[in-house]
Each structure stands twice: as C-alpha cells, then as structure tokens.
Amino acid sequence: MGSSREYHGLQIMTACMQFIGVSLLSFCLARRVPTGWRQWRHLTWGRTCVLLVLLDSWLFVFFTGLLSSGIGLSWSHTTCTLAIYSCISFYVISKILIYAFLSEKVYIVWTGGNQASRYKTKVYRLCAFVLSGYFAIGILMILGNENTVRADGVCVIGLKSYSTIPLIAYDLSLNIFLTAMFMCPLWVLHPMSPRLRSVAKRTLQ
C-alpha cells in the first residue's frame, strides 16, 4: 500500500501528460489530413511520411497510456513485457518514417525537383540502402531489451548496452549522412541555380 501511495502522484502526472499528448497529436493530425479526394490524390510521399509519423506518435501515446494508466503495468510481467515491445515497435517505425522523409528531401534536392523515378536514382537507392540498416537495429533492440517487475510492483524497462550503443551510433551516423547528402549539392553548385535554390527552400518548409 505504501508503494502505491508513493507513486500515486506520479501516475496522475503521467496520465495528464498522456492526455495532453494525445490531444496535441490529434490536433496536428487534423490539420495535416487531406480533406478532399483531390488532396489525397496529390498527396506526396514526403507529406505521407509526416502523416504516418504523427499517426504512429498518436498510437504510441494512446497505447502506452492505455497500458500504464488503464490496464496498469504493476504486478504483471505480461503488461510490462508488452510495454517494452510496444516502445521498440513504435520507436523503430517512427524513425524509419522520419529518415524516409529526410531521404525524400535528399532525392528532391539531387534531382532538382524533376520527376525522376526514385529507384532509378542512385542517390535515393543509396539512402534506401543505408536506411535498411534500421531493421537490424530493431532486431538488436528486441533481443537486447530488459523488462522486469520489481518487488514493489514497479515495471522497469530498458535496453542492454549491446543494443543501445549501436542504436545511438547508427542514429548519429545516419543523421550526419543525410544532412551531408542534403547539403552537398547546395555547396557544390556555387552559385546555386535559382531553380535548385527554390527546391531547397521548399524542402525546408
């Protein structure tokens, strides 16, 4: 009973943050979702990635809120295990979508906004190949997860070092790679053509 009272305030604060998070993400989704068939038809891959990231984030906040504030993580190893797997799944999906969005920006800048086929473009295939490494990172995270229910009923989740270190290193490397790929044509083409400058500005909006 003592431990339950000890964490009661924290549980209330967590539930409030989850409620606010779901509300904000719902607002963002409502603003981003196309309202007509024509908008859906002309939805670009970059905007689709943004929509999917928002949806993934909404599902993550809602599902983890359901687990922690609804079902409860305490005293149940099953829900504690489900919590870590849901965190890994939603995290990996969101990261893949974010990097797919950044790869799209790299593709647009390198092609100058021309309607070239993505998979016929070497730079896009290179980005896709580098991004595919995230599947290996996801497997490492699944194999290297830790979840346990302490004696006081608190669920503790995390990742072991052999999955955390590659995750951080890969994230950092991928960020540097995509940033360099985006900036490279802007630096090399000096002075930058008005068309490419316009394309670059659109990708940053």
# chains A, B, ... in the order shown; residues from 1 in each chain; ligands from 1
>>> closest_atom_pairs(of="range 85-202 of chain A", to="range 45-54 of chain A", cutoff="10 Å", atoms="only C-alpha atoms", output="JSON lines")
{"residue": "A:Phe90", "atom": "CA", "partner": "A:Val53", "partner_atom": "CA", "distance": 9.5}
{"residue": "A:Ile93", "atom": "CA", "partner": "A:Val53", "partner_atom": "CA", "distance": 8.1}
{"residue": "A:Ser94", "atom": "CA", "partner": "A:Val53", "partner_atom": "CA", "distance": 5.5}
{"residue": "A:Lys95", "atom": "CA", "partner": "A:Val53", "partner_atom": "CA", "distance": 8.4}
{"residue": "A:Ile96", "atom": "CA", "partner": "A:Val53", "partner_atom": "CA", "distance": 9.2}
{"residue": "A:Leu97", "atom": "CA", "partner": "A:Cys49", "partner_atom": "CA", "distance": 5.6}
{"residue": "A:Ile98", "atom": "CA", "partner": "A:Cys49", "partner_atom": "CA", "distance": 6.9}
{"residue": "A:Tyr99", "atom": "CA", "partner": "A:Cys49", "partner_atom": "CA", "distance": 9.2}
{"residue": "A:Ala100", "atom": "CA", "partner": "A:Cys49", "partner_atom": "CA", "distance": 7.1}
{"residue": "A:Phe101", "atom": "CA", "partner": "A:Gly46", "partner_atom": "CA", "distance": 5.2}
{"residue": "A:Leu102", "atom": "CA", "partner": "A:Gly46", "partner_atom": "CA", "distance": 8.2}
{"residue": "A:Ser103", "atom": "CA", "partner": "A:Gly46", "partner_atom": "CA", "distance": 9.0}
{"residue": "A:Glu104", "atom": "CA", "partner": "A:Gly46", "partner_atom": "CA", "distance": 6.2}
{"residue": "A:Lys105", "atom": "CA", "partner": "A:Gly46", "partner_atom": "CA", "distance": 7.7}
>>> select_by_dssp(residues="chain A", states="strand (DSSP E or B)", output="PDB file with N, CA and C atoms, in the first residue's frame")
ATOM      1  N   ASN A 145      16.382  -6.186 -25.113  1.00  0.00           N
ATOM      2  CA  ASN A 145      15.503  -5.448 -24.201  1.00  0.00           C
ATOM      3  C   ASN A 145      15.532  -6.048 -22.803  1.00  0.00           C
ATOM      4  N   GLU A 146      15.243  -5.219 -21.847  1.00  0.00           N
ATOM      5  CA  GLU A 146      15.153  -5.646 -20.450  1.00  0.00           C
ATOM      6  C   GLU A 146      13.808  -5.209 -19.891  1.00  0.00           C
ATOM      7  N   ASN A 147      13.127  -6.116 -19.244  1.00  0.00           N
ATOM      8  CA  ASN A 147      11.872  -5.767 -18.578  1.00  0.00           C
ATOM      9  C   ASN A 147      11.691  -6.653 -17.362  1.00  0.00           C
ATOM     10  N   THR A 148      11.359  -6.027 -16.270  1.00  0.00           N
ATOM     11  CA  THR A 148      11.172  -6.766 -15.027  1.00  0.00           C
ATOM     12  C   THR A 148      10.210  -6.016 -14.121  1.00  0.00           C
ATOM     13  N   VAL A 149       9.546  -6.746 -13.276  1.00  0.00           N
ATOM     14  CA  VAL A 149       8.661  -6.151 -12.276  1.00  0.00           C
ATOM     15  C   VAL A 149       9.335  -6.296 -10.921  1.00  0.00           C
ATOM     16  N   CYS A 155       7.173  -1.638 -12.809  1.00  0.00           N
ATOM     17  CA  CYS A 155       7.700  -2.198 -14.061  1.00  0.00           C
ATOM     18  C   CYS A 155       8.902  -1.371 -14.507  1.00  0.00           C
ATOM     19  N   VAL A 156      10.011  -2.039 -14.730  1.00  0.00           N
ATOM     20  CA  VAL A 156      11.239  -1.374 -15.174  1.00  0.00           C
ATOM     21  C   VAL A 156      11.605  -1.925 -16.550  1.00  0.00           C
ATOM     22  N   ILE A 157      11.713  -1.026 -17.529  1.00  0.00           N
ATOM     23  CA  ILE A 157      12.052  -1.447 -18.890  1.00  0.00           C
ATOM     24  C   ILE A 157      13.275  -0.674 -19.376  1.00  0.00           C
ATOM     25  N   GLY A 158      13.985  -1.262 -20.316  1.00  0.00           N
ATOM     26  CA  GLY A 158      15.172  -0.599 -20.857  1.00  0.00           C
ATOM     27  C   GLY A 158      15.836  -1.457 -21.914  1.00  0.00           C
ATOM     28  N   LEU A 159      17.022  -1.034 -22.328  1.00  0.00           N
ATOM     29  CA  LEU A 159      17.795  -1.757 -23.333  1.00  0.00           C
ATOM     30  C   LEU A 159      19.187  -2.045 -22.791  1.00  0.00           C
TER      31      LEU A 159
END
>>> select_by_dssp(residues="range 20-144 of chain A", states="helix (DSSP H, G or I)", output="VMD selection string")
chain A and resid 20 to 32 37 to 41 45 to 71 77 to 111 118 to 120 122 to 131 133 to 143
>>> closest_residue(among="A:Ala15, A:Arg38, A:Leu143, A:Leu174", to="Phe129 in chain A", atoms="only C-alpha atoms")
A:Leu174
>>> residues_around(residues="Ile88 in chain A", least_positions_apart="5", cutoff="8 Å", atoms="only C-alpha atoms", output="PyMOL selection string")
chain A and resi 138+141-142
>>> residues_around(residues="Leu59 in chain A", least_positions_apart="5", cutoff="12 Å", atoms="only C-alpha atoms", output="NGL selection string")
:A and (18 or 21-23 or 25-26 or 29 or 52-54 or 64-67 or 86-87 or 89-91 or 93-94)
>>> write_last_selection(atoms="N, CA and C atoms", output="PDB file, in the first residue's frame")
ATOM      1  N   GLN A  18      -0.094  12.243 -20.864  1.00  0.00           N
ATOM      2  CA  GLN A  18      -0.567  11.413 -21.970  1.00  0.00           C
ATOM      3  C   GLN A  18      -1.832  11.990 -22.592  1.00  0.00           C
ATOM      4  N   GLY A  21      -0.754  14.928 -24.605  1.00  0.00           N
ATOM      5  CA  GLY A  21      -0.053  14.463 -25.799  1.00  0.00           C
ATOM      6  C   GLY A  21      -1.005  13.964 -26.873  1.00  0.00           C
ATOM      7  N   VAL A  22      -1.989  13.167 -26.472  1.00  0.00           N
ATOM      8  CA  VAL A  22      -2.982  12.662 -27.427  1.00  0.00           C
ATOM      9  C   VAL A  22      -3.775  13.815 -28.033  1.00  0.00           C
ATOM     10  N   SER A  23      -4.114  14.798 -27.211  1.00  0.00           N
ATOM     11  CA  SER A  23      -4.889  15.948 -27.698  1.00  0.00           C
ATOM     12  C   SER A  23      -4.088  16.761 -28.713  1.00  0.00           C
ATOM     13  N   LEU A  25      -1.482  15.779 -30.526  1.00  0.00           N
ATOM     14  CA  LEU A  25      -1.245  14.995 -31.739  1.00  0.00           C
ATOM     15  C   LEU A  25      -2.517  14.875 -32.577  1.00  0.00           C
ATOM     16  N   SER A  26      -3.663  14.795 -31.915  1.00  0.00           N
ATOM     17  CA  SER A  26      -4.934  14.770 -32.649  1.00  0.00           C
ATOM     18  C   SER A  26      -5.141  16.074 -33.405  1.00  0.00           C
ATOM     19  N   LEU A  29      -2.751  16.066 -36.384  1.00  0.00           N
ATOM     20  CA  LEU A  29      -3.251  15.155 -37.414  1.00  0.00           C
ATOM     21  C   LEU A  29      -4.421  15.772 -38.169  1.00  0.00           C
ATOM     22  N   LEU A  52       2.134   9.763 -41.395  1.00  0.00           N
ATOM     23  CA  LEU A  52       2.350   8.470 -40.742  1.00  0.00           C
ATOM     24  C   LEU A  52       3.137   8.617 -39.444  1.00  0.00           C
ATOM     25  N   VAL A  53       4.069   9.563 -39.407  1.00  0.00           N
ATOM     26  CA  VAL A  53       4.809   9.819 -38.163  1.00  0.00           C
ATOM     27  C   VAL A  53       3.864  10.326 -37.078  1.00  0.00           C
ATOM     28  N   LEU A  54       2.984  11.241 -37.454  1.00  0.00           N
ATOM     29  CA  LEU A  54       2.009  11.758 -36.488  1.00  0.00           C
ATOM     30  C   LEU A  54       1.066  10.654 -36.013  1.00  0.00           C
ATOM     31  N   THR A  64       0.413   3.308 -24.985  1.00  0.00           N
ATOM     32  CA  THR A  64       1.174   3.265 -23.732  1.00  0.00           C
ATOM     33  C   THR A  64       0.371   3.866 -22.581  1.00  0.00           C
ATOM     34  N   GLY A  65      -0.458   4.865 -22.891  1.00  0.00           N
ATOM     35  CA  GLY A  65      -1.336   5.414 -21.863  1.00  0.00           C
ATOM     36  C   GLY A  65      -2.356   4.395 -21.405  1.00  0.00           C
ATOM     37  N   LEU A  66      -2.858   3.619 -22.361  1.00  0.00           N
ATOM     38  CA  LEU A  66      -3.805   2.558 -22.027  1.00  0.00           C
ATOM     39  C   LEU A  66      -3.150   1.499 -21.141  1.00  0.00           C
ATOM     40  N   LEU A  67      -1.892   1.203 -21.453  1.00  0.00           N
ATOM     41  CA  LEU A  67      -1.177   0.203 -20.658  1.00  0.00           C
ATOM     42  C   LEU A  67      -0.866   0.706 -19.253  1.00  0.00           C
ATOM     43  N   SER A  86       6.114  -2.579 -27.293  1.00  0.00           N
ATOM     44  CA  SER A  86       5.379  -1.505 -27.964  1.00  0.00           C
ATOM     45  C   SER A  86       6.263  -0.273 -28.130  1.00  0.00           C
ATOM     46  N   CYS A  87       7.076   0.022 -27.123  1.00  0.00           N
ATOM     47  CA  CYS A  87       8.006   1.158 -27.229  1.00  0.00           C
ATOM     48  C   CYS A  87       8.989   0.950 -28.375  1.00  0.00           C
ATOM     49  N   SER A  89       8.652  -1.045 -31.016  1.00  0.00           N
ATOM     50  CA  SER A  89       7.960  -1.076 -32.311  1.00  0.00           C
ATOM     51  C   SER A  89       7.624   0.328 -32.798  1.00  0.00           C
ATOM     52  N   PHE A  90       6.990   1.114 -31.943  1.00  0.00           N
ATOM     53  CA  PHE A  90       6.598   2.465 -32.350  1.00  0.00           C
ATOM     54  C   PHE A  90       7.822   3.347 -32.600  1.00  0.00           C
ATOM     55  N   TYR A  91       8.875   3.142 -31.817  1.00  0.00           N
ATOM     56  CA  TYR A  91      10.094   3.936 -31.992  1.00  0.00           C
ATOM     57  C   TYR A  91      10.747   3.636 -33.340  1.00  0.00           C
ATOM     58  N   ILE A  93       9.434   2.272 -36.034  1.00  0.00           N
ATOM     59  CA  ILE A  93       8.578   2.708 -37.144  1.00  0.00           C
ATOM     60  C   ILE A  93       8.690   4.215 -37.351  1.00  0.00           C
ATOM     61  N   SER A  94       8.656   4.975 -36.261  1.00  0.00           N
ATOM     62  CA  SER A  94       8.747   6.435 -36.385  1.00  0.00           C
ATOM     63  C   SER A  94      10.096   6.862 -36.949  1.00  0.00           C
TER      64      SER A  94
END
>>> atom_distance(atom1="CA of Leu140 in chain A", atom2="CA of Ser163 in chain A")
5.3 Å
>>> closest_residue(among="A:Leu131, A:Lys120, A:Ala83, A:Thr35", to="Leu178 in chain A", atoms="only C-alpha atoms")
A:Leu131
>>> atom_distance(atom1="CA of Phe19 in chain A", atom2="CA of Trp58 in chain A")
10.7 Å
>>> atom_distance(atom1="CA of Tyr170 in chain A", atom2="CA of Val123 in chain A")
19.1 Å
>>> closest_atom_pairs(of="range 49-164 of chain A", to="range 179-185 of chain A", cutoff="8 Å", atoms="only C-alpha atoms", output="Markdown table")
| residue | atom | partner | partner_atom | distance |
| --- | --- | --- | --- | --- |
| A:Lys105 | CA | A:Phe182 | CA | 7.2 |
| A:Val106 | CA | A:Phe182 | CA | 4.9 |
| A:Val109 | CA | A:Phe182 | CA | 6.7 |
| A:Trp110 | CA | A:Pro185 | CA | 6.5 |
>>> write_last_selection(atoms="C-alpha atoms", output="PDB file, in the first residue's frame")
ATOM      1  CA  LYS A 105      14.278  15.650 -49.305  1.00  0.00           C
ATOM      2  CA  VAL A 106      17.714  14.457 -50.399  1.00  0.00           C
ATOM      3  CA  VAL A 109      17.465  18.316 -53.998  1.00  0.00           C
ATOM      4  CA  TRP A 110      19.676  15.958 -56.012  1.00  0.00           C
TER       5      TRP A 110
END
>>> closest_residue(among="A:Met13, A:Thr44, A:Asp171, A:His77", to="Gly133 in chain A", atoms="only C-alpha atoms")
A:Asp171
